[in-house]
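Shown below: target.txt, with compact mmCIF, C-alpha atoms and all ligand atoms.
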# COMPACT_ATOMS: atom_id res chain seq x y z
CA MET G 1 -33.92 6.56 1.66
CA SER G 2 -30.33 5.24 1.84
CA LYS G 3 -27.76 7.63 3.29
CA PHE G 4 -25.09 6.00 1.15
CA LEU G 5 -24.14 7.04 -2.36
CA THR G 6 -25.31 4.77 -5.15
CA TYR G 7 -22.88 3.24 -7.63
CA GLU G 8 -24.04 5.74 -10.28
CA GLU G 9 -23.47 8.68 -7.91
CA ILE G 10 -19.97 7.42 -7.14
CA LEU G 11 -19.19 7.22 -10.86
CA LEU G 12 -20.34 10.84 -11.28
CA LYS G 13 -18.11 11.94 -8.39
CA CYS G 14 -15.15 10.14 -9.99
CA GLU G 15 -15.88 11.92 -13.24
CA GLU G 16 -15.92 15.22 -11.36
CA ILE G 17 -12.50 14.45 -9.84
CA ASN G 18 -11.14 13.47 -13.26
CA THR G 19 -12.25 16.70 -14.88
CA THR G 20 -11.64 19.22 -12.12
CA TYR G 21 -8.84 17.98 -9.85
CA GLU G 22 -5.22 18.63 -10.66
CA ILE G 23 -2.74 16.42 -8.84
CA ASN G 24 -0.50 18.48 -6.58
CA GLN G 25 2.85 17.45 -8.04
CA LYS G 26 4.62 20.00 -5.86
CA ARG G 27 3.63 18.01 -2.76
CA PHE G 28 5.75 15.10 -4.03
CA ASP G 29 8.61 17.23 -5.38
CA LYS G 30 8.90 19.14 -2.11
CA ILE G 31 9.36 15.94 -0.11
CA VAL G 32 12.21 14.82 -2.37
CA ASP G 33 13.88 18.26 -2.30
CA CYS G 34 13.68 18.57 1.51
CA ILE G 35 15.07 15.09 2.06
CA LEU G 36 17.92 15.58 -0.40
CA ASP G 37 18.80 18.87 1.32
CA ASN G 38 19.30 17.08 4.62
CA GLU G 39 23.05 16.50 4.82
CA GLU G 40 22.91 14.88 8.23
CA ILE G 41 21.40 11.55 7.27
CA SER G 42 22.73 8.68 5.15
CA ALA G 43 21.42 7.81 1.70
CA ASP G 44 19.62 4.75 3.11
CA HIS G 45 17.98 6.86 5.79
CA LYS G 46 16.87 9.34 3.11
CA ILE G 47 15.22 6.55 1.12
CA ALA G 48 13.38 5.23 4.18
CA GLU G 49 12.23 8.74 5.04
CA ALA G 50 11.08 9.42 1.47
CA PHE G 51 9.15 6.14 1.37
CA ALA G 52 7.17 7.00 4.52
CA GLN G 53 6.57 10.61 3.53
CA LEU G 54 5.57 9.87 -0.08
CA LEU G 55 3.10 7.21 1.04
CA LYS G 56 1.61 9.80 3.39
CA ALA G 57 1.47 12.27 0.50
CA VAL G 58 -0.60 9.78 -1.50
CA SER G 59 -3.10 9.57 1.37
CA GLU G 60 -3.21 13.39 1.62
CA GLU G 61 -3.76 13.71 -2.10
CA ILE G 62 -6.71 11.29 -1.91
CA SER G 63 -8.17 13.30 0.99
CA GLU G 64 -8.03 16.46 -1.10
CA MET G 65 -9.73 14.77 -4.03
CA GLU G 66 -12.44 13.60 -1.67
CA THR G 67 -12.90 17.13 -0.33
CA THR G 68 -13.18 18.46 -3.90
CA ALA G 69 -15.92 15.98 -4.76
CA GLU G 70 -17.51 15.99 -1.28
CA LEU G 71 -16.83 12.31 -0.91
CA VAL G 72 -16.64 10.71 2.53
CA PRO G 73 -15.12 7.23 2.84
CA THR G 74 -17.40 4.70 4.49
CA CYS G 75 -14.50 2.39 5.36
CA GLN G 76 -14.71 1.78 9.08
CA MET G 77 -12.11 1.06 11.71
CA GLY G 78 -11.93 -2.70 12.17
CA CYS G 79 -13.34 -3.43 8.73
CA ALA G 80 -10.64 -5.26 6.83
CA PHE G 81 -12.18 -6.96 3.81
CA CYS G 82 -9.67 -5.24 1.54
CA CYS G 83 -6.84 -6.86 3.52
CA TYR G 84 -7.69 -10.16 1.81
CA PHE G 85 -6.84 -8.88 -1.67
CA PRO G 86 -3.48 -9.78 -3.23
CA ILE G 87 -1.08 -6.90 -2.47
CA VAL G 88 1.78 -6.45 -4.91
CA THR G 89 4.87 -4.38 -4.14
CA ASN G 90 8.32 -4.08 -5.64
CA LYS G 91 11.42 -5.39 -3.89
CA MET G 92 12.42 -1.93 -2.69
CA GLU G 93 9.05 -1.36 -1.01
CA ALA G 94 9.20 -4.76 0.67
CA ALA G 95 12.72 -4.02 1.94
CA LEU G 96 11.61 -0.61 3.23
CA ILE G 97 8.65 -2.15 5.09
CA LYS G 98 11.08 -4.58 6.67
CA ASP G 99 13.41 -1.70 7.52
CA ALA G 100 10.52 0.27 9.11
CA ILE G 101 9.63 -2.77 11.24
CA SER G 102 13.25 -3.13 12.35
CA LYS G 103 13.13 0.46 13.66
CA MET G 104 9.90 0.03 15.63
CA PRO G 105 9.98 -0.15 19.45
CA ALA G 106 11.00 -3.62 20.62
CA ASP G 107 7.50 -4.63 21.85
CA ARG G 108 5.84 -3.79 18.59
CA ARG G 109 8.63 -5.31 16.53
CA HIS G 110 8.58 -8.59 18.46
CA PHE G 111 4.81 -8.76 18.17
CA ILE G 112 5.00 -8.43 14.40
CA GLU G 113 7.89 -10.88 14.10
CA ASN G 114 6.07 -13.51 16.19
CA HIS G 115 2.90 -12.92 14.25
CA LEU G 116 4.73 -13.50 10.95
CA VAL G 117 6.19 -16.78 12.19
CA GLN G 118 2.73 -17.99 13.20
CA TYR G 119 1.15 -16.66 10.03
CA TYR G 120 3.45 -18.63 7.75
CA GLN G 121 2.91 -21.79 9.80
CA THR G 122 -0.88 -21.41 9.87
CA TYR G 123 -1.29 -20.52 6.21
CA GLU G 124 1.62 -22.50 4.78
CA GLU G 125 -0.43 -24.36 2.18
CA LYS G 126 -2.43 -21.33 1.04
CA VAL G 127 0.62 -19.08 0.88
CA GLU G 128 2.47 -21.69 -1.14
CA ARG G 129 -0.42 -22.15 -3.58
CA LEU G 130 -1.56 -18.53 -3.90
CA GLY G 131 2.02 -17.29 -3.92
CA ARG G 132 2.38 -18.97 -7.31
CA ILE G 133 -0.69 -17.27 -8.77
CA ASP G 134 0.06 -15.43 -12.01
CA TRP G 135 -1.17 -12.01 -10.81
CA ALA G 136 0.58 -10.12 -13.63
CA SER G 137 -1.07 -11.76 -16.63
CA ASP G 138 -4.04 -13.79 -15.34
CA SER G 139 -7.07 -11.48 -15.39
CA ASP G 140 -8.94 -13.75 -12.99
CA ALA G 141 -6.10 -13.98 -10.44
CA LYS G 142 -7.36 -11.23 -8.16
CA TYR G 143 -10.78 -12.82 -7.86
CA ARG G 144 -9.41 -16.31 -7.25
CA TYR G 145 -6.96 -15.02 -4.63
CA LYS G 146 -9.59 -12.99 -2.75
CA LYS G 147 -12.04 -15.89 -2.77
CA GLU G 148 -9.54 -17.96 -0.78
CA ASN G 149 -9.84 -15.61 2.20
CA LEU G 150 -6.12 -15.46 2.96
CA PRO G 151 -5.46 -12.49 5.25
CA CYS G 152 -2.55 -10.15 4.62
CA PRO G 153 0.49 -11.11 6.73
CA PHE G 154 0.18 -7.75 8.50
CA LEU G 155 -3.47 -7.98 9.45
CA ASN G 156 -4.00 -8.42 13.17
CA LEU G 157 -6.85 -10.91 13.17
CA GLU G 158 -7.91 -10.07 16.71
CA THR G 159 -8.37 -6.35 16.14
CA ASN G 160 -8.67 -6.30 12.32
CA ALA G 161 -6.06 -3.53 12.37
CA CYS G 162 -3.02 -3.14 10.15
CA MET G 163 0.19 -3.75 12.09
CA ILE G 164 2.27 -1.57 9.78
CA TYR G 165 -0.33 1.17 9.31
CA GLU G 166 2.06 4.09 8.78
CA VAL G 167 4.04 2.26 6.08
CA ARG G 168 1.21 0.20 4.59
CA PRO G 169 1.87 0.03 0.87
CA LEU G 170 0.21 2.08 -1.81
CA PRO G 171 -2.58 -0.37 -2.83
CA CYS G 172 -3.85 -0.32 0.77
CA ARG G 173 -4.19 3.48 0.64
CA THR G 174 -5.69 3.85 -2.80
CA TYR G 175 -8.63 1.43 -2.34
CA VAL G 176 -11.69 3.19 -0.88
CA ASN G 177 -15.38 2.57 -0.44
CA TYR G 178 -17.93 5.40 -0.55
CA THR G 179 -21.10 3.38 -0.37
CA ASP G 180 -22.66 0.97 2.10
CA PRO G 181 -19.75 -0.93 3.74
CA LYS G 182 -21.87 -4.06 3.39
CA VAL G 183 -20.86 -4.29 -0.29
CA CYS G 184 -17.41 -5.41 0.90
CA SER G 185 -18.74 -8.22 3.07
CA ALA G 186 -21.31 -9.32 0.49
CA ASN G 187 -19.03 -9.47 -2.57
CA VAL G 188 -15.63 -10.95 -3.34
CA MET G 189 -14.91 -8.03 -5.67
CA PRO G 190 -17.42 -5.22 -5.03
CA LYS G 191 -17.87 -3.07 -8.13
CA GLU G 192 -18.65 0.05 -6.06
CA THR G 193 -15.17 0.47 -4.55
CA ILE G 194 -12.73 2.97 -6.02
CA SER G 195 -9.01 2.75 -6.62
CA TYR G 196 -6.79 5.82 -6.82
CA GLU G 197 -3.95 3.65 -8.10
CA PHE G 198 -3.11 6.23 -10.78
CA LEU G 199 -1.25 8.08 -7.97
CA TYR G 200 1.39 5.38 -8.28
CA GLN G 201 2.88 7.49 -11.05
CA GLU G 202 3.56 10.53 -8.83
CA TYR G 203 4.69 8.40 -5.89
CA MET G 204 7.05 6.21 -7.89
CA GLY G 205 8.24 9.12 -10.04
CA ALA G 206 9.33 10.97 -6.89
CA ILE G 207 11.04 7.90 -5.40
CA ASN G 208 12.82 7.28 -8.67
CA GLU G 209 14.06 10.86 -8.83
CA LEU G 210 15.42 10.62 -5.29
CA LEU G 211 17.08 7.26 -5.92
CA GLN G 212 18.63 8.42 -9.15
CA TYR G 213 20.21 11.42 -7.44
CA LEU G 214 21.46 9.31 -4.53
CA TYR G 215 22.78 6.65 -6.90
CA GLU G 216 24.84 9.26 -8.74
CA ASN G 217 25.98 11.30 -5.74
CA GLU G 218 25.88 9.25 -2.54
CA LYS G 219 26.30 5.68 -1.37
CA ILE G 220 23.17 3.50 -1.26
CA GLU G 221 23.74 0.26 0.65
CA LYS G 222 20.37 -1.35 1.31
CA ILE G 223 18.66 -0.92 -2.08
CA ASP G 224 19.82 -2.16 -5.44
CA TYR G 225 18.96 0.68 -7.82
CA PRO G 226 17.29 0.44 -10.28
CA GLY G 227 16.88 -3.37 -10.10
CA ASP G 228 14.78 -3.45 -6.91
CA LEU G 229 12.22 -1.08 -8.42
CA TYR G 230 11.44 -3.45 -11.26
CA GLN G 231 11.12 -6.70 -9.31
CA GLU G 232 7.50 -7.06 -8.26
CA ASP G 233 5.84 -9.80 -6.26
CA LEU G 234 3.03 -10.48 -3.83
CA LEU G 235 3.51 -9.18 -0.31
CA ILE G 236 2.95 -12.74 1.00
CA ASN G 237 6.02 -13.83 -0.99
CA TRP G 238 8.27 -10.92 -0.04
CA MET G 239 7.52 -11.28 3.65
CA LYS G 240 7.98 -15.04 3.49
CA LYS G 241 11.45 -14.58 2.01
CA ILE G 242 12.24 -11.99 4.64
CA ASN G 243 10.90 -14.28 7.36
CA GLN G 244 13.10 -17.23 6.35
S1 LIG R 301 -0.57 -3.94 4.74
FE1 LIG R 301 -2.09 -3.42 6.28
S2 LIG R 301 -3.69 -2.28 5.20
FE2 LIG R 301 -2.46 -3.35 3.66
S3 LIG R 301 -3.53 -5.27 3.27
FE3 LIG R 301 -1.98 -5.65 4.86
S4 LIG R 301 -3.05 -5.38 6.82
FE4 LIG R 301 -4.31 -4.44 5.22
As structure tokens - that is how I would like this structure written.
Ligand code: SF4
Amino acid sequence: MSKFLTYEEILLKCEEINTTYEINQKRFDKIVDCILDNEEISADHKIAEAFAQLLKAVSEEISEMETTAELVPTCQMGCAFCCYFPIVTNKMEAALIKDAISKMPADRRHFIENHLVQYYQTYEEKVERLGRIDWASDSDAKYRYKKENLPCPFLNLETNACMIYEVRPLPCRTYVNYTDPKVCSANVMPKETISYEFLYQEYMGAINELLQYLYENEKIEKIDYPGDLYQEDLLINWMKKINQ
């Protein structure tokens, strides 16, 4: 008998989460309150800090939902099939990823910077073509993108590890597999995988609250609020622009 959950069992677990789990809004509010109370750091530093902490809060919230439903992810270290999906972020998130890289130790930063240069040379044609895909209104875009096997710019192809793990964007955290990991290698778009993307609401709501306060009371230099929140694009496009 298989030790993995079946698709039907996963759906039942999701139903259980939907009906019994209450999102811990206080987890998100507390992060914003603590950061705003810190008078020793600049507004830009507060935003960077909130970004990292709120992303972590999303991962913690998913862990608690899993505990509630006795779900154990089957995603394995070094398995990176989900890093070939199109990842969409807003301009603020892309800028904050760039900011986080700029603050990494020199060795790590240089490694990522060199990798990005090589990445955009190696995949120039695919990035150019898939970067124009209409991900917002074309219902088939995700499938067509994934089928092309274009790795994320931050995927280390030697280790299959994420190079920006601690600030990997929300879609990378909310996509989980609870059944046989083989479904990811055998399918372009496995139906068994789960997305907790509804947590975007809590995460973005908290960031928006923080930004609104800072916009009205302090001086934000690196982010254009609210404009940067509403400009969305593929990560391959944001990082290309940043890399130019
Ligand atoms: S940011 Fe990291 S986790 Fe997300 S798709 Fe890219 S390599 Fe994978």
Nearest to Thr174 in chain G: which of G:Thr19, G:Ser195, G:Thr89, G:Ser63 is it, counting all atoms listed in the file?
G:Ser195
Take the point (-4.4, 7.2, -8.5) as written in the file and pick out every residue within 12 Å of it, counting all atoms listed in the file; give the list as number ranges by chain.
G: 14, 17-18, 21-23, 57-63, 65, 170-176, 194-204
Between G:Ala106, G:Leu36, G:Met189, G:Leu130, which has the minimum distance to Leu235 in chain G (counting all atoms listed in the file)?
G:Leu130
Set the cut-off to 9 Å, count only C-alpha atoms and all ligand atoms, and list whatever residues fall near ligand LIG 301 (chain R) as a VMD selection string.
chain G and resid 80 to 87 151 to 156 160 to 173 235
Selected residues written out with C-alpha atoms, as a CSV table (one decimal), keeping the file's coordinate frame:
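Okay, result_17.csv is ready:
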chain,number,residue,atom,x,y,z
G,80,ALA,CA,-10.6,-5.3,6.8
G,81,PHE,CA,-12.2,-7.0,3.8
G,82,CYS,CA,-9.7,-5.2,1.5
G,83,CYS,CA,-6.8,-6.9,3.5
G,84,TYR,CA,-7.7,-10.2,1.8
G,85,PHE,CA,-6.8,-8.9,-1.7
G,86,PRO,CA,-3.5,-9.8,-3.2
G,87,ILE,CA,-1.1,-6.9,-2.5
G,151,PRO,CA,-5.5,-12.5,5.2
G,152,CYS,CA,-2.6,-10.2,4.6
G,153,PRO,CA,0.5,-11.1,6.7
G,154,PHE,CA,0.2,-7.8,8.5
G,155,LEU,CA,-3.5,-8.0,9.4
G,156,ASN,CA,-4.0,-8.4,13.2
G,160,ASN,CA,-8.7,-6.3,12.3
G,161,ALA,CA,-6.1,-3.5,12.4
G,162,CYS,CA,-3.0,-3.1,10.2
G,163,MET,CA,0.2,-3.8,12.1
G,164,ILE,CA,2.3,-1.6,9.8
G,165,TYR,CA,-0.3,1.2,9.3
G,166,GLU,CA,2.1,4.1,8.8
G,167,VAL,CA,4.0,2.3,6.1
G,168,ARG,CA,1.2,0.2,4.6
G,169,PRO,CA,1.9,0.0,0.9
G,170,LEU,CA,0.2,2.1,-1.8
G,171,PRO,CA,-2.6,-0.4,-2.8
G,172,CYS,CA,-3.8,-0.3,0.8
G,173,ARG,CA,-4.2,3.5,0.6
G,235,LEU,CA,3.5,-9.2,-0.3
Would you compute the distance between CA of Arg109 in chain G and CA of Ala43 in chain G? Give it in Å to one decimal.
23.6 Å
So, with all atoms listed in the file as the atoms that count, which of G:Asp107, G:Glu64, G:Asp140, G:Asp233 lies closest to Arg27 in chain G?
G:Glu64
Measuring between all atoms listed in the file, which one of G:Leu214, G:Ile236, G:Pro226, G:Lys146 shows the shortest distance to Ile35 in chain G?
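The closest residue to Ile35 in chain G is G:Leu214.
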Shortest contact to Leu55 in chain G, candidates G:Glu93, G:Glu70, G:Glu16, G:Glu39, atoms counted all atoms listed in the file, goes to G:Glu93
At a cut-off of 10 Å, using all atoms listed in the file, what residues contact Glu218 in chain G? Leave out same-chain residues fewer than 6 positions from it and give the result as JSON, numbers by chain.
{"G": [42, 43, 44, 211, 212]}
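For the residues G:Asp99, G:Gln121, G:Leu229, G:Leu150, ranking by smallest atom-to-atom distance to Gly205 in chain G using only C-alpha atoms places G:Leu229 first.
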Just give me the gap between CA of Met239 in chain G and CA of Ala94 in chain G in Å, one decimal is fine.
7.4 Å
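For the atom pair formed by CA of Ile133 in chain G and CA of Tyr230 in chain G, the distance is 18.6 Å, given to one decimal.
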Taking all listed atoms of range 31-50 of chain G, build the axis-aligned box, pad each of the six sides by 8 Å, then write its centre and edge lengths in Å to one decimal as lines of an AutoDock Vina configuration file.
center_x = 16.2
center_y = 11.8
center_z = 2.9
size_x = 29.7
size_y = 30.1
size_z = 26.6
Near Pro73 in chain G, counting all atoms listed in the file, which residues have an atom at most 8 Å away, once you skip same-chain residues fewer than 5 positions from it, shown as a short mmCIF file (atom, residue, chain, number, x, y, z; two decimals) with C-alpha atoms, keeping the file's coordinate frame?
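File produced: selection.cif:
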data_model
loop_
_atom_site.label_atom_id
_atom_site.label_comp_id
_atom_site.auth_asym_id
_atom_site.auth_seq_id
_atom_site.Cartn_x
_atom_site.Cartn_y
_atom_site.Cartn_z
CA VAL G 176 -11.69 3.19 -0.88
CA ASN G 177 -15.38 2.57 -0.44
CA TYR G 178 -17.93 5.40 -0.55
CA THR G 179 -21.10 3.38 -0.37
#
Long-range neighbours of Ile223 in chain G as a ChimeraX atom specification, 9 Å cut-off, only C-alpha atoms, 4 positions minimum in chain
/G:44,47,91-92,95-96,227-228
Selected residues, C-alpha atoms, written as a short mmCIF file (atom, residue, chain, number, x, y, z; two decimals), keeping the file's coordinate frame, please.
data_model
loop_
_atom_site.label_atom_id
_atom_site.label_comp_id
_atom_site.auth_asym_id
_atom_site.auth_seq_id
_atom_site.Cartn_x
_atom_site.Cartn_y
_atom_site.Cartn_z
CA ASP G 44 19.62 4.75 3.11
CA ILE G 47 15.22 6.55 1.12
CA LYS G 91 11.42 -5.39 -3.89
CA MET G 92 12.42 -1.93 -2.69
CA ALA G 95 12.72 -4.02 1.94
CA LEU G 96 11.61 -0.61 3.23
CA GLY G 227 16.88 -3.37 -10.10
CA ASP G 228 14.78 -3.45 -6.91
#
Test item: residues at most 8 Å from Val188 in chain G, only C-alpha atoms, excluding those fewer than 2 positions along its chain, as number ranges by chain
G: 143, 146-147, 184-186, 190
Complete range 88-122 of chain G at the level of N, CA and C atoms, written as a PDB file, in the frame of the given file.
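See selection-v1.pdb below for the written result:
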ATOM      1  N   VAL G  88       0.513  -6.323  -4.173  1.00  0.00           N
ATOM      2  CA  VAL G  88       1.780  -6.450  -4.910  1.00  0.00           C
ATOM      3  C   VAL G  88       2.653  -5.235  -4.610  1.00  0.00           C
ATOM      4  N   THR G  89       3.919  -5.490  -4.321  1.00  0.00           N
ATOM      5  CA  THR G  89       4.870  -4.380  -4.140  1.00  0.00           C
ATOM      6  C   THR G  89       6.155  -4.733  -4.901  1.00  0.00           C
ATOM      7  N   ASN G  90       7.016  -3.743  -5.065  1.00  0.00           N
ATOM      8  CA  ASN G  90       8.320  -4.080  -5.640  1.00  0.00           C
ATOM      9  C   ASN G  90       9.283  -4.439  -4.498  1.00  0.00           C
ATOM     10  N   LYS G  91      10.457  -4.897  -4.888  1.00  0.00           N
ATOM     11  CA  LYS G  91      11.420  -5.390  -3.890  1.00  0.00           C
ATOM     12  C   LYS G  91      11.866  -4.268  -2.955  1.00  0.00           C
ATOM     13  N   MET G  92      12.010  -3.065  -3.518  1.00  0.00           N
ATOM     14  CA  MET G  92      12.420  -1.930  -2.690  1.00  0.00           C
ATOM     15  C   MET G  92      11.384  -1.646  -1.610  1.00  0.00           C
ATOM     16  N   GLU G  93      10.111  -1.644  -1.992  1.00  0.00           N
ATOM     17  CA  GLU G  93       9.050  -1.360  -1.010  1.00  0.00           C
ATOM     18  C   GLU G  93       9.033  -2.428   0.088  1.00  0.00           C
ATOM     19  N   ALA G  94       9.193  -3.679  -0.320  1.00  0.00           N
ATOM     20  CA  ALA G  94       9.200  -4.760   0.670  1.00  0.00           C
ATOM     21  C   ALA G  94      10.372  -4.583   1.640  1.00  0.00           C
ATOM     22  N   ALA G  95      11.534  -4.208   1.085  1.00  0.00           N
ATOM     23  CA  ALA G  95      12.720  -4.020   1.940  1.00  0.00           C
ATOM     24  C   ALA G  95      12.505  -2.825   2.877  1.00  0.00           C
ATOM     25  N   LEU G  96      11.827  -1.794   2.392  1.00  0.00           N
ATOM     26  CA  LEU G  96      11.610  -0.610   3.230  1.00  0.00           C
ATOM     27  C   LEU G  96      10.559  -0.891   4.319  1.00  0.00           C
ATOM     28  N   ILE G  97       9.609  -1.752   4.033  1.00  0.00           N
ATOM     29  CA  ILE G  97       8.650  -2.150   5.090  1.00  0.00           C
ATOM     30  C   ILE G  97       9.424  -2.924   6.170  1.00  0.00           C
ATOM     31  N   LYS G  98      10.279  -3.805   5.717  1.00  0.00           N
ATOM     32  CA  LYS G  98      11.080  -4.580   6.670  1.00  0.00           C
ATOM     33  C   LYS G  98      11.963  -3.649   7.508  1.00  0.00           C
ATOM     34  N   ASP G  99      12.548  -2.671   6.834  1.00  0.00           N
ATOM     35  CA  ASP G  99      13.410  -1.700   7.520  1.00  0.00           C
ATOM     36  C   ASP G  99      12.603  -0.910   8.567  1.00  0.00           C
ATOM     37  N   ALA G 100      11.373  -0.504   8.170  1.00  0.00           N
ATOM     38  CA  ALA G 100      10.520   0.270   9.110  1.00  0.00           C
ATOM     39  C   ALA G 100      10.186  -0.596  10.328  1.00  0.00           C
ATOM     40  N   ILE G 101       9.939  -1.882  10.106  1.00  0.00           N
ATOM     41  CA  ILE G 101       9.630  -2.770  11.240  1.00  0.00           C
ATOM     42  C   ILE G 101      10.850  -2.879  12.160  1.00  0.00           C
ATOM     43  N   SER G 102      12.035  -2.971  11.542  1.00  0.00           N
ATOM     44  CA  SER G 102      13.250  -3.130  12.350  1.00  0.00           C
ATOM     45  C   SER G 102      13.516  -1.910  13.234  1.00  0.00           C
ATOM     46  N   LYS G 103      12.914  -0.760  12.864  1.00  0.00           N
ATOM     47  CA  LYS G 103      13.130   0.460  13.660  1.00  0.00           C
ATOM     48  C   LYS G 103      12.009   0.723  14.661  1.00  0.00           C
ATOM     49  N   MET G 104      11.021  -0.163  14.687  1.00  0.00           N
ATOM     50  CA  MET G 104       9.900   0.030  15.630  1.00  0.00           C
ATOM     51  C   MET G 104      10.354  -0.303  17.046  1.00  0.00           C
ATOM     52  N   PRO G 105       9.645   0.225  18.068  1.00  0.00           N
ATOM     53  CA  PRO G 105       9.980  -0.150  19.450  1.00  0.00           C
ATOM     54  C   PRO G 105       9.948  -1.668  19.606  1.00  0.00           C
ATOM     55  N   ALA G 106      10.807  -2.166  20.498  1.00  0.00           N
ATOM     56  CA  ALA G 106      11.000  -3.620  20.620  1.00  0.00           C
ATOM     57  C   ALA G 106       9.688  -4.393  20.780  1.00  0.00           C
ATOM     58  N   ASP G 107       8.767  -3.901  21.619  1.00  0.00           N
ATOM     59  CA  ASP G 107       7.500  -4.630  21.850  1.00  0.00           C
ATOM     60  C   ASP G 107       6.737  -4.836  20.564  1.00  0.00           C
ATOM     61  N   ARG G 108       6.617  -3.743  19.832  1.00  0.00           N
ATOM     62  CA  ARG G 108       5.840  -3.790  18.590  1.00  0.00           C
ATOM     63  C   ARG G 108       6.544  -4.686  17.558  1.00  0.00           C
ATOM     64  N   ARG G 109       7.853  -4.524  17.500  1.00  0.00           N
ATOM     65  CA  ARG G 109       8.630  -5.310  16.530  1.00  0.00           C
ATOM     66  C   ARG G 109       8.503  -6.807  16.826  1.00  0.00           C
ATOM     67  N   HIS G 110       8.666  -7.165  18.098  1.00  0.00           N
ATOM     68  CA  HIS G 110       8.580  -8.590  18.460  1.00  0.00           C
ATOM     69  C   HIS G 110       7.190  -9.143  18.179  1.00  0.00           C
ATOM     70  N   PHE G 111       6.179  -8.321  18.430  1.00  0.00           N
ATOM     71  CA  PHE G 111       4.810  -8.760  18.170  1.00  0.00           C
ATOM     72  C   PHE G 111       4.634  -9.102  16.695  1.00  0.00           C
ATOM     73  N   ILE G 112       5.128  -8.214  15.849  1.00  0.00           N
ATOM     74  CA  ILE G 112       5.000  -8.430  14.400  1.00  0.00           C
ATOM     75  C   ILE G 112       5.816  -9.660  13.971  1.00  0.00           C
ATOM     76  N   GLU G 113       7.032  -9.752  14.495  1.00  0.00           N
ATOM     77  CA  GLU G 113       7.890 -10.880  14.100  1.00  0.00           C
ATOM     78  C   GLU G 113       7.254 -12.223  14.512  1.00  0.00           C
ATOM     79  N   ASN G 114       6.723 -12.266  15.727  1.00  0.00           N
ATOM     80  CA  ASN G 114       6.070 -13.510  16.190  1.00  0.00           C
ATOM     81  C   ASN G 114       4.824 -13.805  15.357  1.00  0.00           C
ATOM     82  N   HIS G 115       4.102 -12.742  15.055  1.00  0.00           N
ATOM     83  CA  HIS G 115       2.900 -12.920  14.250  1.00  0.00           C
ATOM     84  C   HIS G 115       3.255 -13.520  12.879  1.00  0.00           C
ATOM     85  N   LEU G 116       4.334 -12.996  12.277  1.00  0.00           N
ATOM     86  CA  LEU G 116       4.730 -13.500  10.950  1.00  0.00           C
ATOM     87  C   LEU G 116       5.119 -14.979  11.001  1.00  0.00           C
ATOM     88  N   VAL G 117       5.812 -15.365  12.056  1.00  0.00           N
ATOM     89  CA  VAL G 117       6.190 -16.780  12.190  1.00  0.00           C
ATOM     90  C   VAL G 117       4.930 -17.642  12.235  1.00  0.00           C
ATOM     91  N   GLN G 118       3.991 -17.225  13.079  1.00  0.00           N
ATOM     92  CA  GLN G 118       2.730 -17.990  13.200  1.00  0.00           C
ATOM     93  C   GLN G 118       1.932 -17.985  11.915  1.00  0.00           C
ATOM     94  N   TYR G 119       1.917 -16.820  11.280  1.00  0.00           N
ATOM     95  CA  TYR G 119       1.150 -16.660  10.030  1.00  0.00           C
ATOM     96  C   TYR G 119       1.623 -17.679   8.989  1.00  0.00           C
ATOM     97  N   TYR G 120       2.945 -17.743   8.802  1.00  0.00           N
ATOM     98  CA  TYR G 120       3.450 -18.630   7.750  1.00  0.00           C
ATOM     99  C   TYR G 120       3.323 -20.112   8.125  1.00  0.00           C
ATOM    100  N   GLN G 121       3.192 -20.392   9.409  1.00  0.00           N
ATOM    101  CA  GLN G 121       2.910 -21.790   9.800  1.00  0.00           C
ATOM    102  C   GLN G 121       1.438 -22.102   9.541  1.00  0.00           C
ATOM    103  N   THR G 122       0.571 -21.188   9.988  1.00  0.00           N
ATOM    104  CA  THR G 122      -0.880 -21.410   9.870  1.00  0.00           C
ATOM    105  C   THR G 122      -1.320 -21.509   8.415  1.00  0.00           C
TER     106      THR G 122
END
